[in-house]
Each structure stands twice: as structure tokens, then as C-alpha cells.
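Next up, model02.csv (CSV, C-alpha atoms):
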```csv
chain,number,residue,atom,x,y,z
A,1,MET,CA,0.0,0.0,0.0
A,2,TRP,CA,1.3,3.4,-0.9
A,3,ASN,CA,2.6,5.5,2.0
A,4,GLY,CA,2.5,9.3,1.5
A,5,SER,CA,5.7,9.7,3.4
A,6,GLU,CA,7.6,8.0,0.6
A,7,TRP,CA,6.6,10.7,-1.9
A,8,ALA,CA,8.8,13.7,-2.7
A,9,GLY,CA,7.9,16.6,-5.0
A,10,PRO,CA,10.3,17.7,-7.8
A,11,GLY,CA,11.2,20.8,-5.9
A,12,GLN,CA,12.5,18.7,-3.0
A,13,LEU,CA,14.9,16.7,-5.1
A,14,PRO,CA,18.6,17.8,-5.8
A,15,ALA,CA,18.2,16.5,-9.3
A,16,PRO,CA,15.7,14.5,-11.5
A,17,TRP,CA,15.4,10.8,-10.7
A,18,ASP,CA,17.2,9.9,-13.9
A,19,GLU,CA,20.3,11.8,-12.7
A,20,ALA,CA,20.5,10.2,-9.3
A,21,ARG,CA,23.6,8.2,-10.2
A,22,LYS,CA,25.4,11.3,-11.3
A,23,VAL,CA,24.5,13.0,-8.0
A,24,VAL,CA,25.8,10.1,-6.0
A,25,ARG,CA,29.0,10.1,-8.2
A,26,ASP,CA,29.6,13.8,-7.7
A,27,ASP,CA,29.0,13.7,-4.0
A,28,ALA,CA,31.4,10.8,-3.6
A,29,ALA,CA,34.1,12.5,-5.7
A,30,LEU,CA,33.6,15.8,-3.8
A,31,ALA,CA,33.8,14.1,-0.5
A,32,ALA,CA,37.1,12.5,-1.6
A,33,ALA,CA,38.5,15.8,-2.7
A,34,ILE,CA,37.5,17.4,0.6
A,35,GLU,CA,39.1,14.7,2.6
A,36,GLU,CA,42.4,15.2,0.7
A,37,SER,CA,42.3,19.0,1.1
A,38,ARG,CA,40.8,20.2,4.4
A,39,HIS,CA,43.9,19.5,6.5
A,40,VAL,CA,45.5,22.7,4.9
A,41,HIS,CA,42.9,25.0,6.5
A,42,GLY,CA,44.5,27.9,8.2
A,43,GLY,CA,48.1,27.0,7.2
A,44,PRO,CA,50.4,29.4,5.4
A,45,GLU,CA,50.0,27.7,2.0
A,46,TRP,CA,46.2,27.9,2.3
A,47,GLU,CA,46.3,31.5,3.4
A,48,ALA,CA,48.6,32.3,0.4
A,49,ALA,CA,46.4,30.5,-2.1
A,50,LYS,CA,43.3,32.2,-0.7
A,51,LEU,CA,45.0,35.6,-1.1
A,52,VAL,CA,46.0,34.8,-4.7
A,53,PHE,CA,42.5,33.8,-5.8
A,54,LEU,CA,41.1,36.9,-4.0
A,55,VAL,CA,43.2,39.4,-5.8
A,56,ILE,CA,43.9,38.0,-9.3
A,57,ARG,CA,42.1,39.5,-12.2
A,58,PRO,CA,39.6,38.6,-13.5
A,59,LYS,CA,38.0,37.5,-10.3
A,60,GLY,CA,35.9,34.4,-10.2
A,61,ARG,CA,37.8,32.6,-12.9
A,62,ILE,CA,39.1,30.2,-10.3
A,63,ARG,CA,37.4,29.7,-6.9
A,64,MET,CA,39.0,28.1,-3.9
A,65,LEU,CA,36.6,26.9,-1.2
A,66,HIS,CA,37.8,28.0,2.2
A,67,THR,CA,35.4,27.0,5.0
A,68,LYS,CA,36.6,24.4,7.5
A,69,VAL,CA,34.4,21.8,5.8
A,70,ASP,CA,35.7,22.1,2.3
A,71,ALA,CA,38.9,24.1,2.6
A,72,GLY,CA,41.4,23.8,-0.2
A,73,VAL,CA,39.1,22.4,-2.9
A,74,VAL,CA,39.1,24.4,-6.2
A,75,ARG,CA,36.2,24.9,-8.6
A,76,ILE,CA,36.5,26.2,-12.2
A,77,ASP,CA,33.4,26.8,-14.4
A,78,ASP,CA,35.3,27.0,-17.7
A,79,LEU,CA,38.5,24.9,-17.4
A,80,GLY,CA,39.5,25.5,-21.0
A,81,LYS,CA,39.5,29.3,-20.6
A,82,ALA,CA,41.3,29.1,-17.2
A,83,ALA,CA,43.9,26.7,-18.5
A,84,ALA,CA,44.7,28.9,-21.5
A,85,TRP,CA,45.0,31.9,-19.2
A,86,LEU,CA,47.4,30.1,-16.9
A,87,GLY,CA,49.3,28.5,-19.8
A,88,LEU,CA,48.6,25.0,-18.5
A,89,ASP,CA,47.5,21.9,-20.3
A,90,GLU,CA,43.8,21.4,-19.9
A,91,GLN,CA,44.0,17.6,-20.3
A,92,GLU,CA,46.7,17.3,-17.8
A,93,LEU,CA,44.6,19.1,-15.3
A,94,LEU,CA,41.6,16.8,-16.0
A,95,GLU,CA,43.9,13.8,-15.4
A,96,SER,CA,45.1,15.1,-12.0
A,97,GLU,CA,44.5,12.6,-9.2
A,98,GLY,CA,41.2,13.3,-7.5
A,99,ALA,CA,40.0,15.9,-10.0
A,100,PHE,CA,36.7,15.5,-11.8
A,101,VAL,CA,34.1,17.4,-13.8
A,102,ASP,CA,30.7,17.4,-12.1
A,103,ARG,CA,27.3,17.0,-13.8
A,104,HIS,CA,27.1,20.7,-14.3
A,105,GLY,CA,30.4,20.9,-16.2
A,106,THR,CA,32.3,22.4,-13.4
A,107,PHE,CA,35.9,21.2,-12.9
A,108,VAL,CA,36.6,20.3,-9.2
A,109,GLY,CA,40.1,19.6,-7.9
A,110,PRO,CA,41.6,18.7,-4.5
A,111,TRP,CA,44.4,20.7,-2.7
A,112,PRO,CA,47.4,19.6,-4.9
A,113,VAL,CA,45.6,20.9,-7.9
A,114,THR,CA,44.6,24.1,-6.1
A,115,LEU,CA,48.2,24.7,-5.0
A,116,ARG,CA,49.5,24.2,-8.5
A,117,LEU,CA,47.0,26.7,-9.9
A,118,ALA,CA,47.7,29.2,-7.1
A,119,ARG,CA,51.4,29.1,-7.7
A,120,ARG,CA,51.0,29.6,-11.4
A,121,ALA,CA,48.5,32.5,-11.0
A,122,ALA,CA,50.8,34.2,-8.5
A,123,GLU,CA,53.6,34.0,-11.0
A,124,LEU,CA,51.5,35.5,-13.7
A,125,GLN,CA,50.2,38.4,-11.5
A,126,ALA,CA,53.2,38.9,-9.3
A,127,ASP,CA,52.9,42.6,-8.9
A,128,THR,CA,49.2,42.4,-7.8
A,129,VAL,CA,49.8,39.6,-5.4
A,130,LEU,CA,53.0,41.0,-3.8
A,131,GLY,CA,51.5,44.4,-3.6
A,132,GLU,CA,48.5,43.1,-1.7
A,133,ILE,CA,50.5,41.1,0.9
A,134,LEU,CA,52.9,44.0,1.4
A,135,ARG,CA,49.9,46.3,1.9
A,136,ARG,CA,48.5,44.0,4.5
A,137,LEU,CA,51.8,43.7,6.3
A,138,ASP,CA,52.2,47.4,6.4
A,139,SER,CA,48.8,47.9,7.9
A,140,GLU,CA,49.3,45.2,10.5
A,141,ARG,CA,52.8,46.3,11.4
A,142,ALA,CA,51.5,49.9,11.9
A,143,TYR,CA,48.7,48.6,14.1
A,144,LEU,CA,51.3,46.6,16.1
A,145,ASP,CA,53.4,49.7,16.6
A,146,GLN,CA,50.5,51.4,18.3
A,147,GLN,CA,49.9,48.7,20.8
A,148,ARG,CA,51.1,48.8,24.4
A,149,PRO,CA,53.4,46.0,25.5
A,150,TRP,CA,50.6,44.0,27.1
A,151,GLN,CA,48.4,44.3,24.0
A,152,ARG,CA,51.0,43.2,21.5
A,153,GLU,CA,50.8,39.4,21.6
A,154,ARG,CA,47.8,38.9,19.3
A,155,SER,CA,49.1,41.5,16.7
A,156,GLU,CA,52.6,39.9,16.8
A,157,LYS,CA,51.1,36.5,16.0
A,158,LYS,CA,49.1,38.0,13.1
A,159,VAL,CA,52.2,39.8,11.7
A,160,ALA,CA,54.2,36.5,12.0
A,161,ARG,CA,51.4,34.7,10.0
A,162,LEU,CA,51.4,37.3,7.3
A,163,GLU,CA,55.2,37.2,7.1
A,164,ALA,CA,55.1,33.5,6.6
A,165,VAL,CA,52.5,34.0,3.8
A,166,ALA,CA,54.7,36.7,2.3
A,167,ARG,CA,57.7,34.4,2.2
A,168,LEU,CA,55.6,31.8,0.3
A,169,LEU,CA,54.2,34.3,-2.2
A,170,HIS,CA,57.7,35.6,-2.6
A,171,GLU,CA,58.8,32.2,-3.8
A,172,TRP,CA,55.7,31.6,-5.9
A,173,CYS,CA,56.0,34.8,-7.9
A,174,GLY,CA,59.2,33.7,-9.6
A,175,GLU,CA,62.8,34.7,-9.9
A,176,GLU,CA,62.1,37.9,-11.8
A,177,THR,CA,60.4,39.4,-8.8
A,178,LEU,CA,62.9,38.4,-6.1
A,179,GLU,CA,65.3,41.3,-6.3
A,180,ARG,CA,62.5,43.9,-6.7
A,181,TYR,CA,60.6,42.4,-3.8
A,182,ASP,CA,63.7,42.3,-1.5
A,183,GLU,CA,64.4,46.0,-2.3
A,184,LEU,CA,60.9,47.0,-1.7
A,185,GLU,CA,60.6,45.2,1.6
A,186,ALA,CA,63.9,46.7,2.7
A,187,LEU,CA,62.7,50.1,1.8
A,188,ARG,CA,59.5,49.6,3.6
A,189,ALA,CA,61.3,48.4,6.7
A,190,GLU,CA,63.6,51.5,6.7
A,191,VAL,CA,60.6,53.8,6.2
A,192,ARG,CA,58.9,52.1,9.1
A,193,ARG,CA,62.0,52.4,11.3
A,194,LEU,CA,62.4,56.1,10.5
A,195,GLY,CA,58.7,56.7,11.2
A,196,LEU,CA,59.1,55.3,14.7
A,197,VAL,CA,62.1,57.5,15.3
A,198,VAL,CA,60.1,60.5,14.2
A,199,GLU,CA,57.2,59.5,16.4
A,200,LYS,CA,59.5,59.2,19.4
A,201,ALA,CA,61.1,62.6,18.7
A,202,ILE,CA,57.7,64.3,18.4
A,203,ALA,CA,56.6,62.6,21.6
A,204,ALA,CA,59.8,63.8,23.4
A,205,LEU,CA,59.2,67.4,22.2
A,206,ARG,CA,55.7,67.4,23.5
A,207,GLN,CA,56.8,66.0,26.8
A,208,ASN,CA,59.3,68.8,27.2
A,209,GLY,CA,56.8,71.5,26.4
A,210,HIS,CA,57.7,72.1,22.7
A,211,ARG,CA,54.2,71.4,21.4
A,212,THR,CA,54.3,73.9,18.6
A,213,ILE,CA,57.5,72.5,17.2
A,214,ALA,CA,56.1,69.0,17.5
A,215,ALA,CA,52.9,69.9,15.8
A,216,THR,CA,54.8,71.6,12.9
A,217,ILE,CA,57.0,68.5,12.3
A,218,GLU,CA,53.9,66.3,12.5
A,219,ARG,CA,52.1,68.4,10.0
A,220,ASP,CA,55.0,68.8,7.6
A,221,LEU,CA,55.8,65.1,7.5
A,222,GLY,CA,52.3,63.9,7.7
A,223,VAL,CA,53.1,61.7,10.7
A,224,ARG,CA,50.1,60.4,12.6
A,225,THR,CA,51.2,60.2,16.2
A,226,THR,CA,48.1,60.5,18.3
A,227,THR,CA,48.5,57.1,19.8
A,228,ALA,CA,52.3,57.2,19.6
A,229,HIS,CA,52.8,60.2,21.7
A,230,GLU,CA,50.4,58.8,24.3
A,231,ARG,CA,52.4,55.5,24.3
A,232,HIS,CA,55.6,57.4,25.1
A,233,ARG,CA,54.1,59.6,27.7
```
Show this structure as C-alpha cells.
Amino acid sequence: MWNGSEWAGPGQLPAPWDEARKVVRDDAALAAAIEESRHVHGGPEWEAAKLVFLVIRPKGRIRMLHTKVDAGVVRIDDLGKAAAWLGLDEQELLESEGAFVDRHGTFVGPWPVTLRLARRAAELQADTVLGEILRRLDSERAYLDQQRPWQRERSEKKVARLEAVARLLHEWCGEETLERYDELEALRAEVRRLGLVVEKAIAALRQNGHRTIAATIERDLGVRTTTAHERHR
């Protein structure tokens, strides 16, 4: 006898009944890709790859999943176009272990494939990628400089993580960018050091009653020392 609880309407199904096997196949293949990938969540390589796919142009060409459940898996709607842009062999990507094309025509790959794509994309768009990681490092280091000693631990850990990511991206972006990156990083470090010296000098002037001179230097150099002079008070 028919039991109404055994019936499901078309809107409740993930796919038509005649595609059930494809759904099961896709789910199994995706589960395997996730199992091979999610251990990378939160690590320097995962952070580096996430940043690469966030800033490359055009956005959305390659999508890396990054929740704790599916971290490290990559999805590409048009593999042919993406492979051509990266200068990689489409068939070779299709034959990568654990990779598959789902029933919607989307290419799905586990972490080893994701890492390969991220490294290649970083090499192609080195200026964009390195510019972004240096911008983030500058911002976090500036914030760290404003912290009092008992507030610094969390910011120091974040700076250390970003520095680890920057070292990886430095490698991924290729030999042609190494010297330029090193020079830029050295210049940024020197600018940061001089900025701290100026902040301390302005704070010392204020402490000794030379507020007008301090304000003039601050205005002329564009130094923001509101929190700095409080820190040295």
C-alpha cells in the first residue's frame, strides 16, 4: 500500500530521478577531494592561495573553497579558458589525481591541484599579489606599533602569520620578482623604522613643552602620532 511519506515533489529533489547516479557520483568525488584537502585549512599555503585567488584579475575565474568543511578544494566553471590563461595543459589538469568534472560541467580539484593553480596564478600576476601582501603587512605592522606591551601578543602573531605567507608568495611569484621584492621590503622596513624614530622625537618634544614644534613637524611630515605620543608619555 502506498505511503504518502515516501513521496517527494520535484522541488525537494537535488536532481531529477534519472540523474540520481550522477548526483551520487559527484557527492562521492567531492567528499574524496575534501578529505584530501581540508587539512590545509589555516596554514600558510592555504592563506597564500586564498589571497592569490582573491586578488587575481579577472576575479571568479578560479574559486577556492575556504570553509573548515571544504577548505582547499578548487572549482572552475570554464576549465579551457582558465587553463589557457594560466598557460597549462587542460587535459593534464583533467587527469590530475582526485580531479573531476561534475554533472554541471564544473571542474573540481583537490588541494594539490589548487596549490598548482595558485602558484601559477601568483607567477602571472606577481605585482598584484605581492602588492597586496605588502599592503596587509604594512597595515598590521603599523597597528602593532601602536599597541602597548601587554596588548601586542595577538598582533605579533598576526604579523608573523602574514610574514610566513609573504615568504611563500615571494617564492611563488618567480625569480624575476625576487630582487625587486627584496628591495621594496627593505625600503618599507627602513621607512617604518624612520617613522618610529620621528614619532618618538615628536613625543619627546611634546613631553618637554615644545608642542608647537612637535605639531609643525607632525604636519609637515604627515606623521600620525596620536596614539604614539600617548604611548611614550
Requested in this report: Would you mind reading off the distance between CA of Ile56 in chain A and CA of Ala121 in chain A, one decimal, in Å?
Outcome: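 CA of Ile56 in chain A sits 7.4 Å away from CA of Ala121 in chain A.
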Query raised in the report: Pick from A:Glu92, A:Glu218, A:Asp102, A:Asp70: nearest to Lys22 in chain A, with only C-alpha atoms counted?
Result: A:Asp102
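For the pair CA of Val101 in chain A and CA of Ala33 in chain A, the separation is 12.0 Å.
Picture a line from CA of Arg135 in chain A to CA of Ala49 in chain A; it runs 16.7 Å.
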Query - Given all atoms listed in the file as the counted atoms, nearest of A:Ala118, A:Gly60, A:Glu36, A:Glu90 to Glu171 in chain A - result: A:Ala118
Query - Which of A:Leu162, A:Glu156, A:Ser96, A:Gly42 sits closest to Arg116 in chain A [using all atoms listed in the file] - result: A:Ser96
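Taking all atoms listed in the file into account, Thr114 in chain A lies nearest to A:Gly72 out of the set A:Gly72, A:Gly87, A:Gly80, A:Gly131.
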Report task. Write out as a list in words which residues come within 9 Å of Asp145 in chain A when counting all atoms listed in the file, dropping same-chain ones fewer than 4 positions away. Result -> Glu140, Arg141, Arg152, Leu196 and Ala228 of chain A
Selection above as a file: C-alpha atoms, as a PDB file, in the coordinates of the input:
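Written file, out_8.pdb:
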```
ATOM      1  CA  GLU A 140      49.300  45.200  10.500  1.00  0.00           C
ATOM      2  CA  ARG A 141      52.800  46.300  11.400  1.00  0.00           C
ATOM      3  CA  ARG A 152      51.000  43.200  21.500  1.00  0.00           C
ATOM      4  CA  LEU A 196      59.100  55.300  14.700  1.00  0.00           C
ATOM      5  CA  ALA A 228      52.300  57.200  19.600  1.00  0.00           C
TER       6      ALA A 228
END
```
**Report entry** Pick from A:Ala126, A:Ala29, A:Val165, A:Leu134 nearest to Trp46 in chain A, counting all atoms listed in the file
**Finding:** A:Val165
Might you pull out every residue within 8 Å of Arg61 in chain A, with only C-alpha atoms counted and same-chain residues fewer than 3 positions away left off, and present them as a PDB file with C-alpha atoms, in the frame of the given file?
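Generated output (part32.pdb):
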```pdb
ATOM      1  CA  PRO A  58      39.600  38.600 -13.500  1.00  0.00           C
ATOM      2  CA  ILE A  76      36.500  26.200 -12.200  1.00  0.00           C
ATOM      3  CA  ASP A  77      33.400  26.800 -14.400  1.00  0.00           C
ATOM      4  CA  ASP A  78      35.300  27.000 -17.700  1.00  0.00           C
ATOM      5  CA  ALA A  82      41.300  29.100 -17.200  1.00  0.00           C
TER       6      ALA A  82
END
```
Query raised in the report: Which of these residues is nearest to Leu88 in chain A, using only C-alpha atoms: A:Val40, A:Val129, A:Leu124, A:Leu144?
Result: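 Smallest separation from Leu88 in chain A among the options: A:Leu124.
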Report task. Within 6 Å of (38.7, 23.6, -13.2) (coordinates as in the file), grab all the protein and nucleic acid residues, counting only C-alpha atoms, and write them out as an NGL selection string. Result -> :A and (75-76 or 79 or 107-108)
Could you rebuild range 59-73 of chain A with N, CA and C atoms and give it back as an mmCIF file, in the coordinates of the input?
```
data_model
loop_
_atom_site.group_PDB
_atom_site.id
_atom_site.type_symbol
_atom_site.label_atom_id
_atom_site.label_comp_id
_atom_site.auth_asym_id
_atom_site.auth_seq_id
_atom_site.Cartn_x
_atom_site.Cartn_y
_atom_site.Cartn_z
ATOM 1 N N LYS A 59 38.476 38.308 -11.434
ATOM 2 C CA LYS A 59 38.000 37.500 -10.300
ATOM 3 C C LYS A 59 36.997 36.501 -10.693
ATOM 4 N N GLY A 60 36.922 35.432 -9.939
ATOM 5 C CA GLY A 60 35.900 34.400 -10.200
ATOM 6 C C GLY A 60 36.273 33.380 -11.204
ATOM 7 N N ARG A 61 37.391 33.598 -11.919
ATOM 8 C CA ARG A 61 37.800 32.600 -12.900
ATOM 9 C C ARG A 61 38.117 31.277 -12.243
ATOM 10 N N ILE A 62 38.769 31.380 -11.079
ATOM 11 C CA ILE A 62 39.100 30.200 -10.300
ATOM 12 C C ILE A 62 38.627 30.466 -8.862
ATOM 13 N N ARG A 63 37.899 29.538 -8.284
ATOM 14 C CA ARG A 63 37.400 29.700 -6.900
ATOM 15 C C ARG A 63 37.863 28.633 -6.008
ATOM 16 N N MET A 64 38.520 29.048 -4.934
ATOM 17 C CA MET A 64 39.000 28.100 -3.900
ATOM 18 C C MET A 64 37.988 28.123 -2.762
ATOM 19 N N LEU A 65 37.521 26.948 -2.366
ATOM 20 C CA LEU A 65 36.600 26.900 -1.200
ATOM 21 C C LEU A 65 37.456 27.028 0.059
ATOM 22 N N HIS A 66 36.923 27.736 1.051
ATOM 23 C CA HIS A 66 37.800 28.000 2.200
ATOM 24 C C HIS A 66 37.084 27.951 3.555
ATOM 25 N N THR A 67 35.955 27.250 3.640
ATOM 26 C CA THR A 67 35.400 27.000 5.000
ATOM 27 C C THR A 67 36.138 25.797 5.566
ATOM 28 N N LYS A 68 35.951 25.571 6.854
ATOM 29 C CA LYS A 68 36.600 24.400 7.500
ATOM 30 C C LYS A 68 36.159 23.112 6.920
ATOM 31 N N VAL A 69 34.947 23.091 6.384
ATOM 32 C CA VAL A 69 34.400 21.800 5.800
ATOM 33 C C VAL A 69 35.033 21.461 4.519
ATOM 34 N N ASP A 70 35.260 22.450 3.645
ATOM 35 C CA ASP A 70 35.700 22.100 2.300
ATOM 36 C C ASP A 70 36.992 22.866 1.884
ATOM 37 N N ALA A 71 37.761 23.295 2.849
ATOM 38 C CA ALA A 71 38.900 24.100 2.600
ATOM 39 C C ALA A 71 39.898 23.459 1.601
ATOM 40 N N GLY A 72 40.390 24.262 0.656
ATOM 41 C CA GLY A 72 41.400 23.800 -0.200
ATOM 42 C C GLY A 72 40.946 23.218 -1.565
ATOM 43 N N VAL A 73 39.647 22.947 -1.690
ATOM 44 C CA VAL A 73 39.100 22.400 -2.900
ATOM 45 C C VAL A 73 38.926 23.587 -3.925
#
```
